[in-house]
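Report on the following structure.
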Amino acid sequence: MAEEIERKFLVAGDGWQQAITGHKRLVQGYLSSNAKATVRIRIADDQRAVLTLKGPAEGISRAEFEYDVPLDDAWQMLGLAQPNVVEKTRYLVPHGGLTWEVDVFAGAHAGLIVAEVELDAVDQAIDMPDWAGREISHDDRYANASLARVPGVPSVDPDAA
């Protein structure tokens, strides 16, 4: 089974910008999202399309399956997903031997910047960059499927750790 293990953080500061090694523009729509599975269509740089199925989260881990789909089909699926669509630019930022993905959201979520890092194990230690702020791995409001349903940037609880 394919598995995704990732941690997510709000970005605090712009120190990540000096280390960017690449970027791509992503538009992704959510065709279905419930407690058992999420089905997403993603188009990267108007050139490649991937259909992704994700299982329920168990901590920071969950099943994930991805399949390339023809671009024309993806645009039609994205139309079916409206208005549950997220737009962002993803920047690749190496730090501590891992590649961090910093997502700068646009459209209905402009102003939100989230960093995520994929891991090989749930208990893998990571070297935290100084620009990684509050961890949001377990805050469903920041899941892309949740963002697609609710426009705007989630409010931050000042008492949250």
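Within each chain, counting starts at residue 1; across the structure tokens, chains are named A, B, ... in the order shown, with ligands numbered 1 upward in that order.
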Problem set entry | Residues within 10 Å of Gly96 in chain A, only C-alpha atoms, excluding chain neighbours under 6 positions, as a list in words | Ile126, Asp127, Met128 and Pro129 of chain A
Exercise. If you run DSSP on the backbone, which residues of range 120-154 of chain A are alpha helix (DSSP H), as a PyMOL selection string?
Worked result: chain A and resi 144-149
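Counting only C-alpha atoms, the residue from A:Asp140, A:Ala115, A:Glu101, A:Ala125 that sits nearest to Pro56 in chain A is A:Asp140.
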Hey, could you make a per-residue contact list for range 74-155 of chain A against range 2-23 of chain A with 9 Å as the cut-off, showing the nearest pair of atoms and its distance in Å to one decimal, counting only C-alpha atoms, sorted by chain and number, as a tab-separated table?
residue	atom	partner	partner_atom	distance
A:Thr89	CA	A:His23	CA	6.8
A:Arg90	CA	A:His23	CA	5.4
A:Tyr91	CA	A:His23	CA	4.3
A:Leu92	CA	A:Gly22	CA	5.2
A:Val93	CA	A:Ile20	CA	4.8
A:Pro94	CA	A:Ala19	CA	6.8
A:His95	CA	A:Ala19	CA	8.3
A:Val102	CA	A:Val11	CA	8.0
A:Leu112	CA	A:Leu10	CA	8.1
A:Ile113	CA	A:Val11	CA	5.7
A:Val114	CA	A:Leu10	CA	4.7
A:Ala115	CA	A:Phe9	CA	5.2
A:Glu116	CA	A:Lys8	CA	4.2
A:Val117	CA	A:Glu6	CA	5.4
A:Glu118	CA	A:Glu6	CA	4.3
A:Leu119	CA	A:Ile5	CA	5.3
A:Asp120	CA	A:Ile5	CA	6.8
A:Ala121	CA	A:Ile5	CA	6.8
A:Val122	CA	A:Ile5	CA	6.4
A:Pro129	CA	A:Trp16	CA	8.2
A:Asp130	CA	A:Gly15	CA	7.6
A:Trp131	CA	A:Ala12	CA	4.9
A:Ala132	CA	A:Val11	CA	5.0
A:Gly133	CA	A:Ala12	CA	5.0
A:Arg134	CA	A:Leu10	CA	5.5
A:Glu135	CA	A:Phe9	CA	4.2
A:Ile136	CA	A:Phe9	CA	5.2
A:Ser137	CA	A:Lys8	CA	4.7
A:His138	CA	A:Lys8	CA	8.4
A:Tyr142	CA	A:Lys8	CA	8.8
All residues 12 Å or closer to Gln47 in chain A, only C-alpha atoms, same chain fewer than 6 positions away omitted, as a short mmCIF file (atom, residue, chain, number, x, y, z; two decimals) with C-alpha atoms, in the first residue's frame:
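Contents of the output file part.cif:
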data_model
loop_
_atom_site.label_atom_id
_atom_site.label_comp_id
_atom_site.auth_asym_id
_atom_site.auth_seq_id
_atom_site.Cartn_x
_atom_site.Cartn_y
_atom_site.Cartn_z
CA LYS A 24 5.14 24.84 -9.74
CA ARG A 25 1.67 26.29 -9.94
CA LEU A 26 -1.03 23.91 -8.72
CA VAL A 27 -4.78 23.95 -9.20
CA ASP A 68 -1.68 10.21 -14.12
CA VAL A 69 -4.71 11.21 -16.17
CA PRO A 70 -5.00 12.92 -19.57
CA LEU A 71 -4.90 16.70 -19.22
CA ASP A 72 -8.18 17.22 -21.10
CA ALA A 74 -8.42 16.58 -15.74
CA TRP A 75 -9.78 19.97 -16.84
#
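Counting only C-alpha atoms, the residue from A:Tyr67, A:Gly97, A:Val104, A:Gln28 that sits nearest to Asp46 in chain A is A:Gln28.
The gap separating CA of Ile60 in chain A from CA of Ala110 in chain A is 25.3 Å, in Å to one decimal.
Going from CA of Leu80 in chain A to CA of Val153 in chain A covers 23.7 Å.
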Report as a PDB file with N, CA and C atoms, in the first residue's frame all protein, DNA and RNA residues lying within 6 Å of Lys54 in chain A, evaluated on only C-alpha atoms, omitting residues in the same chain fewer than 2 positions from it.
ATOM      1  N   ALA A  37     -12.469   8.674   2.621  1.00  0.00           N
ATOM      2  CA  ALA A  37     -11.554   8.924   1.501  1.00  0.00           C
ATOM      3  C   ALA A  37     -11.751  10.317   0.935  1.00  0.00           C
ATOM      4  N   THR A  38     -10.665  10.825   0.338  1.00  0.00           N
ATOM      5  CA  THR A  38     -10.693  12.080  -0.395  1.00  0.00           C
ATOM      6  C   THR A  38     -10.218  11.783  -1.808  1.00  0.00           C
ATOM      7  N   ALA A  63      -3.103   6.341   3.786  1.00  0.00           N
ATOM      8  CA  ALA A  63      -2.927   5.712   2.473  1.00  0.00           C
ATOM      9  C   ALA A  63      -3.078   6.772   1.391  1.00  0.00           C
ATOM     10  N   GLU A  64      -2.259   6.652   0.339  1.00  0.00           N
ATOM     11  CA  GLU A  64      -2.334   7.606  -0.768  1.00  0.00           C
ATOM     12  C   GLU A  64      -2.022   6.875  -2.074  1.00  0.00           C
TER      13      GLU A  64
END
Problem set entry | 10 Å contact set for Leu31 in chain A, only C-alpha atoms, chain neighbours under 5 positions out, as a VMD selection string | chain A and resid 38 to 41 51 77 to 82 84 to 85 145
For this session: Determine, counting only C-alpha atoms, which protein, DNA and RNA residues have an atom within 10 Å of an atom of Gly107 in chain A; residues of the same chain fewer than 5 positions away are not included. Present the result as a VMD selection string.
Result: chain A and resid 85 to 88 151 to 152
Limited to C-alpha atoms, could you put the picked residues into a file as a compact mmCIF listing (two decimals), in the first residue's frame?
# COMPACT_ATOMS: atom_id res chain seq x y z
CA VAL A 85 -10.90 24.26 -5.77
CA VAL A 86 -7.58 25.38 -4.26
CA GLU A 87 -4.93 27.41 -6.11
CA LYS A 88 -1.35 27.69 -4.90
CA PRO A 151 -12.89 30.35 1.48
CA GLY A 152 -10.47 32.52 3.43
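Take the candidates A:Asn34, A:Gln76, A:Asn144, A:Gly55 and check each one against Phe105 in chain A using only C-alpha atoms; the shortest distance goes to A:Asn144.
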For this session: May I have all residues of chain A that DSSP, computed from the backbone, assigns to strand (DSSP E or B), given as number ranges by chain?
Result: A: 3-11, 22-33, 38-44, 48-54, 58, 61-69, 85-95, 98-105, 113-118, 132-135
Problem set entry | d(CA of Glu66 in chain A, CA of Val50 in chain A) in Å | 6.3 Å
